[in-house]
Every structure is written in C-alpha cells, then in structure tokens.
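File shown here: protein-v2.cif, holding mmCIF, C-alpha atoms.
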```cif
data_coords
loop_
_atom_site.label_atom_id
_atom_site.label_comp_id
_atom_site.auth_asym_id
_atom_site.auth_seq_id
_atom_site.Cartn_x
_atom_site.Cartn_y
_atom_site.Cartn_z
CA MET Z 3 0.00 0.00 0.00
CA ALA Z 4 1.23 3.49 -0.82
CA SER Z 5 2.56 5.49 2.08
CA VAL Z 6 0.30 7.95 3.83
CA THR Z 7 -0.09 11.32 2.17
CA ALA Z 8 -1.45 14.57 3.53
CA GLU Z 9 -4.30 14.41 1.02
CA SER Z 10 -5.34 10.94 2.14
CA VAL Z 11 -5.65 12.24 5.71
CA VAL Z 12 -7.82 15.17 4.58
CA GLU Z 13 -9.96 12.93 2.37
CA ALA Z 14 -10.55 10.37 5.11
CA THR Z 15 -11.62 13.14 7.48
CA LEU Z 16 -13.98 14.87 5.05
CA LYS Z 17 -15.51 11.54 4.01
CA SER Z 18 -16.18 10.66 7.62
CA TYR Z 19 -17.84 14.06 8.21
CA ALA Z 20 -19.85 13.89 4.97
CA ALA Z 21 -21.45 10.63 6.13
CA LEU Z 22 -22.94 12.31 9.22
CA PRO Z 23 -26.61 13.40 9.31
CA LYS Z 24 -27.50 17.07 8.69
CA HIS Z 25 -28.21 17.82 12.35
CA GLY Z 26 -25.27 19.82 13.72
CA LYS Z 27 -23.97 20.91 10.32
CA PRO Z 28 -24.19 24.47 9.02
CA SER Z 29 -27.40 25.20 7.13
CA VAL Z 30 -29.10 28.02 5.24
CA ARG Z 31 -31.17 30.13 7.64
CA ASP Z 32 -34.83 31.00 7.03
CA ASN Z 33 -33.80 34.46 5.84
CA GLY Z 34 -31.54 32.89 3.23
CA VAL Z 35 -28.25 33.56 5.02
CA PRO Z 36 -25.92 30.58 4.57
CA GLU Z 37 -23.80 29.42 7.52
CA TRP Z 38 -20.17 28.36 7.56
CA THR Z 39 -17.89 26.79 10.13
CA ILE Z 40 -14.39 25.41 10.64
CA LEU Z 41 -13.56 21.72 10.86
CA ALA Z 42 -10.57 20.17 12.61
CA SER Z 43 -9.61 16.55 13.03
CA ILE Z 44 -7.02 14.38 14.67
CA SER Z 45 -6.17 11.27 12.71
CA LEU Z 46 -3.72 8.50 13.39
CA THR Z 47 -1.74 6.86 10.63
CA LEU Z 48 -0.03 3.50 10.67
CA PRO Z 49 3.43 2.76 9.35
CA ASP Z 50 3.57 1.09 5.90
CA ALA Z 51 4.23 -2.39 7.15
CA CYS Z 52 1.38 -2.68 9.59
CA SER Z 53 -1.99 -1.83 8.15
CA SER Z 54 -3.49 -3.89 10.88
CA THR Z 55 -6.54 -6.06 10.73
CA ALA Z 56 -7.93 -4.00 13.57
CA THR Z 57 -8.26 -1.01 11.25
CA ASN Z 58 -9.50 -3.01 8.24
CA GLY Z 59 -6.25 -2.58 6.38
CA THR Z 60 -6.48 1.20 6.14
CA GLN Z 61 -3.54 3.36 7.04
CA VAL Z 62 -5.44 6.51 7.97
CA VAL Z 63 -7.82 6.39 10.91
CA PRO Z 64 -9.79 9.60 11.61
CA ILE Z 65 -10.11 9.48 15.40
CA SER Z 66 -11.83 12.72 16.32
CA ILE Z 67 -13.54 15.45 14.32
CA GLY Z 68 -14.70 18.80 15.69
CA THR Z 69 -16.51 21.68 14.05
CA GLY Z 70 -17.29 25.06 15.54
CA VAL Z 71 -16.34 28.68 15.93
CA LYS Z 72 -17.90 29.63 19.29
CA VAL Z 73 -16.66 30.03 22.86
CA LEU Z 74 -18.52 30.78 26.08
CA PRO Z 75 -18.06 34.34 27.34
CA ALA Z 76 -16.17 34.53 30.65
CA ALA Z 77 -19.40 35.43 32.44
CA ARG Z 78 -20.96 32.12 31.46
CA LEU Z 79 -18.25 29.73 32.63
CA PRO Z 80 -19.68 26.89 34.75
CA PRO Z 81 -18.34 26.18 38.27
CA LEU Z 82 -19.15 22.47 37.97
CA GLY Z 83 -17.25 21.73 34.77
CA ASP Z 84 -20.44 20.65 33.05
CA THR Z 85 -20.31 22.80 29.91
CA VAL Z 86 -17.53 23.05 27.35
CA HIS Z 87 -15.81 26.44 27.59
CA ASP Z 88 -14.19 26.54 24.17
CA CYS Z 89 -16.12 25.02 21.26
CA HIS Z 90 -13.69 25.90 18.50
CA ALA Z 91 -13.05 23.04 16.08
CA GLU Z 92 -9.42 22.41 17.11
CA VAL Z 93 -10.27 22.29 20.78
CA LEU Z 94 -13.19 19.88 20.29
CA ALA Z 95 -11.00 17.70 18.07
CA ARG Z 96 -8.38 17.44 20.82
CA ARG Z 97 -10.87 16.80 23.61
CA GLY Z 98 -12.58 14.10 21.51
CA PHE Z 99 -9.18 12.56 20.87
CA VAL Z 100 -8.45 12.42 24.60
CA ARG Z 101 -11.87 10.83 25.19
CA TRP Z 102 -10.96 8.22 22.60
CA LEU Z 103 -7.58 7.56 24.24
CA LEU Z 104 -9.37 7.08 27.57
CA ASP Z 105 -11.85 4.70 25.98
CA GLN Z 106 -9.20 2.66 24.16
CA ALA Z 107 -6.98 2.45 27.25
CA THR Z 108 -9.97 1.26 29.28
CA ARG Z 109 -10.73 -1.41 26.66
CA VAL Z 110 -7.12 -2.55 26.58
CA ALA Z 111 -7.01 -2.78 30.37
CA ARG Z 112 -10.27 -4.74 30.49
CA GLY Z 113 -9.21 -7.08 27.70
CA GLU Z 114 -12.07 -5.90 25.49
CA GLU Z 115 -11.99 -5.39 21.73
CA HIS Z 116 -9.96 -2.32 20.72
CA ALA Z 117 -8.37 -0.67 17.68
CA GLY Z 118 -4.88 -2.02 18.36
CA LEU Z 119 -3.34 1.45 18.45
CA VAL Z 120 -2.90 1.76 22.22
CA LEU Z 121 -0.52 -0.42 24.23
CA TRP Z 122 -0.19 -1.11 27.95
CA ASP Z 123 3.20 -1.58 29.55
CA ALA Z 124 2.74 -3.70 32.65
CA GLU Z 125 6.17 -2.78 33.96
CA THR Z 126 5.88 0.99 33.84
CA LYS Z 127 2.12 0.78 34.34
CA ARG Z 128 1.58 3.28 31.55
CA PHE Z 129 -0.20 3.32 28.22
CA SER Z 130 1.25 4.59 24.96
CA LEU Z 131 0.43 4.78 21.27
CA ALA Z 132 1.77 1.80 19.32
CA PRO Z 133 5.22 2.38 17.77
CA GLY Z 134 5.22 4.06 14.36
CA VAL Z 135 1.71 5.47 14.76
CA GLN Z 136 1.69 9.18 13.86
CA ALA Z 137 -0.73 11.91 14.86
CA TRP Z 138 -2.06 14.39 12.30
CA LEU Z 139 -4.00 17.56 12.98
CA TYR Z 140 -6.04 18.90 10.08
CA VAL Z 141 -7.71 22.31 10.26
CA SER Z 142 -9.97 23.39 7.39
CA ALA Z 143 -8.97 27.04 7.68
CA LEU Z 144 -5.98 28.85 9.06
CA PRO Z 145 -6.30 28.84 12.84
CA VAL Z 146 -7.78 31.93 14.43
CA GLY Z 147 -5.15 34.59 14.67
CA VAL Z 148 -3.17 33.49 11.63
CA ALA Z 149 -5.55 34.09 8.78
CA GLN Z 150 -6.46 37.60 9.83
CA HIS Z 151 -2.83 38.48 10.11
CA VAL Z 152 -1.80 37.27 6.66
CA LEU Z 153 -4.72 39.10 5.09
CA SER Z 154 -4.04 42.30 6.95
CA CYS Z 155 -0.36 42.44 5.95
CA MET M 13 10.26 16.90 26.23
CA ALA M 14 12.91 19.05 27.85
CA GLU M 15 14.53 19.29 24.45
CA ALA M 16 11.53 21.12 23.13
CA PHE M 17 11.61 23.69 25.87
CA ARG M 18 15.17 24.68 25.64
CA SER M 19 14.79 27.12 22.82
CA ALA M 20 11.49 28.52 23.98
CA PRO M 21 12.53 31.12 26.57
CA GLU M 22 14.76 32.83 24.03
CA ILE M 23 11.73 34.08 22.25
CA GLY M 24 10.67 37.46 23.40
CA LEU M 25 7.10 38.30 24.17
CA ALA M 26 5.83 41.60 22.96
CA ARG M 27 2.97 42.60 25.16
CA GLY M 28 -0.22 44.21 24.01
CA ASP M 29 -0.70 46.11 27.22
CA ASP M 30 1.04 46.30 30.54
CA THR M 31 -0.12 42.93 31.80
CA GLY M 32 -0.40 40.54 28.97
CA ALA M 33 -3.11 39.10 26.80
CA VAL M 34 -4.14 40.95 23.71
CA ARG M 35 -7.81 41.06 23.00
CA GLY M 36 -8.70 39.62 19.62
CA ARG M 37 -6.66 40.75 16.67
CA ASN M 38 -5.15 43.83 18.28
CA GLY M 39 -1.42 43.64 18.50
CA TYR M 40 -1.10 40.43 16.55
CA GLU M 41 1.93 41.80 14.78
CA ASN M 42 3.68 41.65 18.13
CA TYR M 43 5.82 38.60 17.76
CA GLY M 44 4.78 35.94 20.19
CA ALA M 45 1.86 37.91 21.55
CA ILE M 46 -0.94 35.67 22.69
CA ARG M 47 -4.49 36.44 21.79
CA THR M 48 -7.86 35.59 23.22
CA LYS M 49 -10.96 34.64 21.31
CA PRO M 50 -13.05 35.94 19.73
CA GLY M 51 -11.27 38.07 17.15
CA ARG M 52 -14.10 40.57 17.05
CA THR M 53 -13.60 43.16 19.75
CA ASP M 54 -17.32 43.99 19.90
CA SER M 55 -18.38 40.54 21.15
CA PRO M 56 -18.46 39.51 24.83
CA PRO M 57 -14.94 38.87 26.15
CA SER M 58 -13.84 35.32 26.75
CA ILE M 59 -10.68 33.95 28.31
CA SER M 60 -10.32 31.16 25.76
CA PHE M 61 -6.96 31.57 24.11
CA SER M 62 -6.61 31.60 20.37
CA CYS M 63 -6.30 28.23 18.72
CA SER M 64 -2.88 28.82 17.25
CA ASP M 65 -1.58 29.43 20.79
CA LYS M 66 -3.32 26.29 22.03
CA ILE M 67 -1.97 24.19 19.16
CA ALA M 68 1.52 25.52 19.81
CA SER M 69 1.27 24.47 23.45
CA TRP M 70 -0.02 20.98 22.52
CA SER M 71 3.02 20.57 20.31
CA VAL M 72 5.10 20.86 23.47
CA LEU M 73 2.89 19.31 26.15
CA GLY M 74 1.34 16.61 23.98
CA LEU M 75 -2.32 16.12 23.13
CA GLN M 76 -3.24 13.96 26.11
CA GLY M 77 -3.69 16.74 28.66
CA ALA M 78 -2.81 16.87 32.36
CA LEU M 79 -5.08 14.13 33.67
CA LEU M 80 -4.15 11.44 31.17
CA SER M 81 -0.46 12.36 31.28
CA GLN M 82 -0.43 10.45 34.57
CA LEU M 83 -1.24 7.18 32.83
CA PHE M 84 -0.29 7.71 29.18
CA GLU M 85 2.99 8.56 27.45
CA PRO M 86 2.74 11.99 25.78
CA VAL M 87 1.10 11.92 22.34
CA TYR M 88 2.78 14.51 20.16
CA LEU M 89 1.50 15.91 16.88
CA ASP M 90 3.64 14.74 13.98
CA HIS M 91 2.00 16.73 11.18
CA ILE M 92 -0.29 19.72 10.81
CA LEU M 93 -2.41 20.22 7.68
CA VAL M 94 -4.12 23.49 6.94
CA GLY M 95 -6.85 24.00 4.35
CA GLY M 96 -8.70 27.02 3.05
CA VAL M 97 -5.69 28.80 1.70
CA GLU M 98 -7.18 30.10 -1.52
CA GLU M 99 -5.13 32.76 -3.23
CA PRO M 100 -6.25 36.39 -2.74
CA PRO M 101 -6.81 38.76 -5.70
CA ALA M 102 -3.79 39.88 -7.72
CA GLY M 103 -1.83 42.78 -6.30
CA VAL M 104 -2.01 41.65 -2.67
CA ILE M 105 1.11 39.51 -2.85
CA PRO M 106 4.37 41.42 -2.64
CA ALA M 107 6.82 40.91 -5.51
CA GLY M 108 9.24 38.04 -4.98
CA SER M 109 6.85 36.16 -2.69
CA THR M 110 4.11 33.64 -3.35
CA TRP M 111 0.83 33.30 -1.49
CA GLU M 112 1.76 29.81 -0.44
CA ASN M 113 5.11 30.93 0.96
CA MET M 114 3.45 33.71 2.88
CA VAL M 115 0.82 31.45 4.37
CA THR M 116 3.22 28.67 5.27
CA ALA M 117 5.62 31.10 6.88
CA GLU M 118 2.84 32.74 8.84
CA ALA M 119 1.28 29.46 9.96
CA GLU M 120 4.63 28.08 11.03
CA ARG M 121 5.40 31.22 12.96
CA ALA M 122 2.07 31.20 14.75
CA LEU M 123 1.91 27.48 15.41
CA TRP M 124 5.35 26.43 16.38
CA GLY M 125 7.88 28.80 14.93
CA ARG M 126 7.95 29.86 18.55
CA LEU M 127 8.41 26.31 19.79
CA ASP M 128 10.06 23.21 18.39
CA GLY M 129 8.24 20.02 17.71
CA VAL M 130 6.18 19.26 14.65
CA LYS M 131 7.59 18.17 11.30
CA GLY M 132 6.05 21.03 9.37
CA VAL M 133 2.87 22.65 8.13
CA LYS M 134 1.42 21.32 4.93
CA LEU M 135 -1.20 23.20 3.01
CA THR M 136 -4.08 21.43 1.34
CA THR M 137 -6.25 22.85 -1.44
CA THR M 138 -9.00 20.28 -0.82
CA ALA M 139 -12.02 22.37 0.15
CA PHE M 140 -14.17 21.74 3.21
CA PRO M 141 -17.76 22.09 1.89
CA PHE M 142 -18.83 24.39 4.77
CA SER M 143 -15.78 26.64 4.84
CA LYS M 144 -16.42 30.36 4.55
CA THR M 145 -14.90 30.50 1.07
CA THR M 146 -16.86 27.51 -0.26
CA VAL M 147 -20.14 28.76 1.20
CA LEU M 148 -19.49 32.23 -0.19
CA ALA M 149 -18.83 30.83 -3.66
CA SER M 150 -21.98 28.70 -3.76
CA HIS M 151 -24.36 31.27 -2.22
CA HIS M 152 -23.01 34.46 -3.73
CA GLU M 153 -26.50 35.76 -4.43
CA SER M 154 -27.79 35.41 -0.84
CA GLY M 155 -25.59 37.92 0.94
CA ALA M 156 -22.82 37.56 3.48
CA PRO M 157 -22.59 34.11 5.07
CA SER M 158 -22.75 33.92 8.83
CA THR M 159 -20.98 31.68 11.35
CA SER M 160 -22.80 28.58 12.50
CA THR M 161 -23.79 28.74 16.18
CA VAL M 162 -23.61 24.97 16.46
CA SER M 163 -20.53 22.92 17.24
CA LEU M 164 -20.11 19.23 16.68
CA SER M 165 -17.89 16.46 17.99
CA PHE M 166 -17.65 13.18 16.13
CA VAL M 167 -15.48 10.41 17.49
CA PRO M 168 -16.29 7.38 15.30
CA GLY M 169 -15.01 4.99 17.98
CA LEU M 170 -17.47 6.40 20.53
CA GLY M 171 -20.64 6.20 18.46
CA LYS M 172 -22.96 8.99 17.38
CA ALA M 173 -21.82 12.57 16.84
CA GLU M 174 -22.54 15.03 19.61
CA VAL M 175 -24.09 18.38 18.71
CA ILE M 176 -22.92 21.11 21.09
CA ILE M 177 -24.64 24.46 21.54
CA ASN M 178 -23.50 26.97 24.16
CA GLY M 179 -21.20 24.32 25.57
CA CYS M 180 -24.04 21.81 26.12
CA ALA M 181 -25.03 18.66 24.27
CA GLN M 182 -28.58 18.31 22.91
CA GLY M 183 -29.10 21.92 22.03
CA SER M 184 -30.93 24.63 23.86
CA GLY M 185 -30.06 23.54 27.37
CA TRP M 186 -27.84 26.36 28.46
CA LYS M 187 -28.60 27.72 31.89
CA ALA M 188 -26.81 30.27 34.02
CA PRO M 189 -23.79 28.63 35.63
CA GLY M 190 -25.19 27.24 38.83
CA HIS M 191 -24.55 24.85 41.64
CA THR M 192 -26.62 21.99 40.28
CA LEU M 193 -25.13 19.73 37.68
CA LEU M 194 -26.66 19.87 34.22
CA LYS M 195 -28.85 16.89 33.43
CA ASP M 196 -27.02 13.85 32.06
CA LYS M 197 -28.33 14.27 28.53
CA MET M 198 -27.20 17.87 28.35
CA ARG M 199 -23.62 17.32 29.43
CA SER M 200 -21.14 16.93 26.63
CA ARG M 201 -18.79 13.97 26.95
CA LEU M 202 -16.08 16.57 26.30
CA SER M 203 -16.91 18.66 29.38
CA LYS M 204 -14.36 18.75 32.19
CA ILE M 205 -16.47 16.67 34.54
CA GLU M 206 -17.11 13.92 31.99
CA MET M 207 -13.43 13.78 31.06
CA MET M 208 -12.63 13.54 34.77
CA ARG M 209 -15.07 10.67 35.24
CA ALA M 210 -13.64 8.76 32.29
CA PHE M 211 -10.14 9.28 33.71
CA LEU M 212 -11.12 8.04 37.17
CA GLY M 213 -12.86 5.08 35.54
CA LEU M 214 -9.64 4.14 33.79
CA LYS M 215 -7.66 4.47 37.01
CA GLN M 216 -10.06 2.08 38.68
CA VAL M 217 -9.76 -0.47 35.86
CA ILE M 218 -5.98 -0.57 36.24
CA ALA M 219 -6.42 -0.99 39.99
CA GLN M 220 -5.12 2.39 41.05
CA GLN M 221 -6.54 4.07 44.05
CA VAL M 222 -9.26 6.56 43.28
CA ASP M 223 -10.01 9.46 45.57
CA ASP M 224 -13.63 10.42 45.00
CA SER M 225 -13.30 13.57 47.05
CA ALA M 226 -10.51 15.04 44.88
CA THR M 227 -11.41 18.03 42.74
CA TYR M 228 -10.68 18.34 39.07
CA PHE M 229 -8.05 20.95 39.94
CA GLU M 230 -6.38 18.63 42.44
CA LEU M 231 -6.33 15.72 40.00
CA LYS M 232 -4.80 17.83 37.26
CA HIS M 233 -2.15 19.07 39.65
CA GLN M 234 -1.13 15.54 40.59
CA ALA M 235 0.48 15.49 37.14
CA GLU M 236 3.67 17.11 38.36
CA ALA M 237 5.82 16.71 35.26
CA TYR M 238 3.04 18.03 33.06
CA GLN M 239 2.41 21.03 35.28
CA LEU M 240 6.11 21.88 35.35
CA ALA M 241 6.21 21.74 31.56
CA LYS M 242 3.11 23.92 31.38
CA GLU M 243 4.68 26.44 33.73
CA ALA M 244 7.77 26.53 31.57
CA ILE M 245 5.82 27.66 28.52
CA ARG M 246 3.00 29.62 30.12
CA GLY M 247 4.21 30.72 33.53
CA ILE M 248 2.09 30.51 36.67
CA PRO M 249 -1.15 32.38 37.35
CA SER M 250 0.27 34.93 39.73
CA GLU M 251 -0.69 38.45 38.79
CA PRO M 252 -4.03 40.20 38.69
CA VAL M 253 -5.28 40.97 35.20
CA SER M 254 -4.90 44.47 33.82
CA LEU M 255 -7.53 47.07 34.70
CA ALA M 256 -8.82 46.95 31.14
CA TRP M 257 -9.34 43.20 31.44
CA ALA M 258 -10.74 43.41 34.95
CA ALA M 259 -13.45 45.71 33.67
CA MET M 260 -14.56 43.07 31.17
CA LEU M 261 -14.50 40.00 33.41
CA PRO M 262 -17.28 38.93 35.79
CA HIS M 263 -15.23 38.66 38.99
CA LYS M 264 -11.78 39.24 40.43
CA GLU M 265 -10.45 35.70 40.51
CA PHE M 266 -8.90 35.70 37.08
CA ASN M 267 -5.12 35.88 37.03
CA THR M 268 -2.44 36.45 34.45
CA THR M 269 0.41 33.98 34.10
CA THR M 270 3.99 35.14 34.56
CA GLY M 271 7.38 33.47 34.81
CA ARG M 272 9.06 32.72 38.12
CA GLY M 273 12.58 33.55 37.07
CA GLU M 274 14.27 36.08 34.89
CA SER M 275 13.38 34.72 31.48
CA GLU M 276 9.81 35.22 30.37
CA PRO M 277 7.95 32.04 29.31
CA PRO M 278 6.87 32.24 25.64
CA PHE M 279 3.18 32.18 26.55
CA ALA M 280 3.22 34.34 29.67
CA GLY M 281 0.15 36.54 29.86
CA TRP M 282 -2.40 33.72 29.62
CA ILE M 283 -5.50 34.62 31.64
CA VAL M 284 -6.83 31.82 33.80
CA GLY M 285 -10.02 31.46 35.79
CA GLY M 286 -8.19 28.85 37.82
CA GLN M 287 -9.59 26.96 40.74
CA ARG M 288 -12.94 28.69 40.65
CA TYR M 289 -13.87 26.62 37.61
CA GLU M 290 -12.06 23.46 38.68
CA SER M 291 -13.09 22.90 42.29
CA PHE M 292 -15.80 20.33 41.57
CA THR M 293 -15.62 16.65 42.45
CA CYS M 294 -16.55 13.78 40.15
CA ALA M 295 -19.94 13.58 41.87
CA GLY M 296 -20.65 17.14 40.74
CA PHE M 297 -20.26 19.00 44.01
CA LEU M 298 -18.14 22.01 44.75
CA LYS M 299 -15.50 20.84 47.19
CA ASP M 300 -16.78 22.95 50.07
CA GLU M 301 -20.37 21.85 49.61
CA GLY M 302 -19.50 18.19 49.24
CA ARG M 303 -18.02 17.99 52.70
#
```
Take the structure in this file and express it as structure tokens.
Amino acid sequence: MASVTAESVVEATLKSYAALPKHGKPSVRDNGVPEWTILASISLTLPDACSSTATNGTQVVPISIGTGVKVLPAARLPPLGDTVHDCHAEVLARRGFVRWLLDQATRVARGEEHAGLVLWDAETKRFSLAPGVQAWLYVSALPVGVAQHVLSC
Amino acid sequence: MAEAFRSAPEIGLARGDDTGAVRGRNGYENYGAIRTKPGRTDSPPSISFSCSDKIASWSVLGLQGALLSQLFEPVYLDHILVGGVEEPPAGVIPAGSTWENMVTAEAERALWGRLDGVKGVKLTTTAFPFSKTTVLASHHESGAPSTSTVSLSFVPGLGKAEVIINGCAQGSGWKAPGHTLLKDKMRSRLSKIEMMRAFLGLKQVIAQQVDDSATYFELKHQAEAYQLAKEAIRGIPSEPVSLAWAAMLPHKEFNTTTGRGESEPPFAGWIVGGQRYESFTCAGFLKDEGR
C-alpha cells in the first residue's frame, strides 16, 4: 500500500464528516443567510508495514472530528465543569481525541476489543500509542489569529 | 520533552498592554503575543486563548492533557495540515513572494515557529464544503454568510456525533452557571467533569486508588511533570489581570500567568479562571459543599 499522504488524511476526514446526518452541520437560515464553520480533526496513521486487521487494512484512521467557531463568554463559565468552555473546532477535536484515548486504554485494560493502536506496559504501568503510529491535525482554515494576520499584511 | 523547551525562553514576548493578553486581533503583529478569542472586539470577552496558541502548546505538552499524562505517554502531533488557503486577488502579494510561501511562513510562525516540535505545516487545497470560502462561492446571491452557532464532535469509535450548543449537548439547554449539575443528557462527553469521570474510571480499571473527594483541579495538579512543563511555557497564574481586562470580566479571581525567574515564558500573559472553575468533584459538588 502506498505510504500515507497529507491528502489521504484530509480525504478520510472529510468523508467521515460527509457521512454524518445534517443535524449539527451548518445550514441556510430561514432568511436565506448561509452558515459556515471550521472543521478540525485528529487522525492516526499506521506505518507502511502494519496496516493492521484492527483497522481493516487502512492506514489513515480519523479518530476525532470537531466543528465550531464559538466560545462561552467569561461570564458564562460553569463552576461544575459541566459545559464546554471553548467550542472551537481544534479544541473539540483534541478533547474528543483524549476521550478516545481514555476509551481505548480502558478497553485494553479490560481485555475488550480495541483498535490495536494503544498499548499497555505492565512494567511501567503506563499506556502509549503503538510504535510508528503518527498523529495528524487537520484544520480546514488557518487557525484563528493566523488568517487575519496574513490578510491584513 | 525538555529538548523542546530549551529554545522557547529565548523568544521574546511583545505585550499588548502592561499585563499581557491581547484582546482579539489587536497587536497580533507583536511577535509571540498571545491572543484571546473571539477576534471581534465587539463581542463579549472570553478567556479562551486563540487556537494557534493552544496548538503551539499541545506541540510541546502533547495532546493527552494533564489528567491522562499520569497514565499515558505523551502523544505529540507529527503533522499539521491546513486547508482554506485560496489565493487572494492579484496585487495583494508582494513581488518576490508567493501566497503559499506567505501562508506557510505565517502558519509556522504562529503554530510552532515559537516552539520546536512538529515536522512542518502542509497546506491542502481540498475544500471543506462548509468553509467560509466555499459557502461564499456557492451562495453568492444570498448575501454575506454567517458563522454557525452549532458545534459538533464526532469520534467514530465512541458512536454517534454530539451536537454542542452553548457548551451543552442536545441543544438549547444552556442555563446560568449554577450549583446543580446539568442533566445527564445535556452534558457533553467533552466537558471537564465527563473527562474527569472517564479518567477516574480508567484508574479504577488498572487498579489504582481513586479518591472520589478530589477536585478536578487537584487531580490535574497531581500530574507534576506536566504542570512543570506547562509552567515553563506559560508561567504561573500569579498576577491580577490588567484594569482593562478586569473591567470586562465577571469577577476578580482571574489571574495572568507570569514566569518565576528572569526569562519570560513564551506564553506568559495567559489569563486563567483557575480553581474557581475546577473545584468540583466527580460527583458534581463544589469541594466545600461536598463535605
């Protein structure tokens, strides 16, 4: 199988998002105004030699996708940690990724079915990603702060 | 990890005002200045720091966060891909430069030019169907497009996508921050308390002792190596925010991060709400109330 390319990571992410139902995606408002958003994803890729059976032979695994451009104002932050402060795409993608790591580690520890990308070291009593697995961040637009700057040069 | 830090303190921080964070786009030209969201200065102030600053800090601290760093080796980003880099109209690009060079240089500077780590930024021309540019091109007759108010998290390994509005799952459930936990259905699995519960669950599975009375803040601060690394790039929350910031924030418990020693951490000036938003236990009580 050909080695992983940047485009294959982007394609796998956008394909995964495209398959989702409409609910939660930008729409066209009643007054005709179309909505846009930003998408970010964290994908893991496997080294050439080990397109594992656990991932159906694919080398690119989109782990977590986030879309969004909103944050809670400081006055609305919750004392009980029960709402998400920052709902920007990149932040949701990372938090979803951490949730996935927690889930996979729990499965590994319990001996349940898992994706084969997380390992447990009984000696150090720590988990890690499997060797050779790489992490990719994709952001559909220049991160906040960068784009405005380039355009205002 | 120490390797990545070594070069960081050499980078100077140009400050937007006397005590740190720059609101929105103001002062972005200041090399290394950190910025808060949102970019528009007429919207309500938030203390969420701009994504390029967050991504830059993940490239040093890893993606796994403080809690999981106690059980998981750091997961570093190897590659960053950026889309939506369509070329602007002719005349904008200075002679001798290309749009792509400008964008790559700018993205690298903002993301980790300030810090070592990732293998490089790659640009992609593949369009996201709901990006501002794509939406603009396909709806050019219907006026200016607007930002979606809805956020979404999809983790294929965890089942259905979660739609997040105002920080809550299942839509219109936002209520004034209170002392009663949001109903189960309205809490996002990405909220601090749900992440904390998943972490404690994992600890239990690997037969580590779990202290149910610990707060989120306390659990995060058990990750000593991670917190030291975070201090090295961000400083510690030690100074009151500037008067200008204080006027915009709802109470006086926000602090600005500063370095301990002589050299200024590259991300000093971060504004943190701190313990006030992290003093809950996994059962959903504020520490004082739970006792």
For Leu119 (chain Z), list every protein, DNA or RNA residue within 8 Å, evaluated using all atoms listed in the file, and leave out those in the same chain fewer than 6 positions away; present the list as a PyMOL selection string.
chain Z and resi 131-132+135
Would you translate the PyMOL selection byres ((chain Z) within 6 of (chain M)) into the concrete set of residues it matches in this file, as an NGL selection string?
:Z and (26 or 28 or 35-39 or 65-70 or 75-77 or 80-86 or 97 or 100 or 108 or 128-130 or 136-143 or 145-146)
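The space between CA of Ala226 (chain M) and CA of Glu92 (chain Z) spans 28.8 Å.
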May I ask for the distance between CA of Gly74 (chain M) and CA of Thr227 (chain M), given in Å to one decimal place?
22.7 Å
Can you tell me how far CA of Glu125 (chain Z) sits from CA of Gln106 (chain Z), in Å to one decimal?
19.0 Å
Box for region 129-142 of chain Z: with edges along x, y and z, all listed atoms inside and 6 Å added on each side, what are the centre and edge lengths in Å to one decimal, as JSON?
```
{"center_x": -2.4, "center_y": 12.6, "center_z": 17.8, "size_x": 27.2, "size_y": 33.6, "size_z": 32.8}
```
Neighbouring residues of Ile248 (chain M) were defined as those with any atom within 7 Å, considering only C-alpha atoms; residues of the same chain fewer than 5 positions away were excluded. Please report them as a ChimeraX atom specification.
/M:243,269-271
Quick one: apply the PyMOL selection byres ((chain Z and resi 16) around 10) to the file and drop the selected residues here as a list of chain:residue names.
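When the PyMOL selection byres ((chain Z and resi 16) around 10) is applied, the selected residues are Z:Ser10, Z:Val11, Z:Val12, Z:Glu13, Z:Ala14, Z:Thr15, Z:Lys17, Z:Ser18, Z:Tyr19, Z:Ala20, Z:Ala21, Z:Leu41, Z:Ala42, Z:Ser43, Z:Pro64, Z:Ile67, Z:Ser142, M:Thr138, M:Ala139, M:Phe140, M:Pro141.
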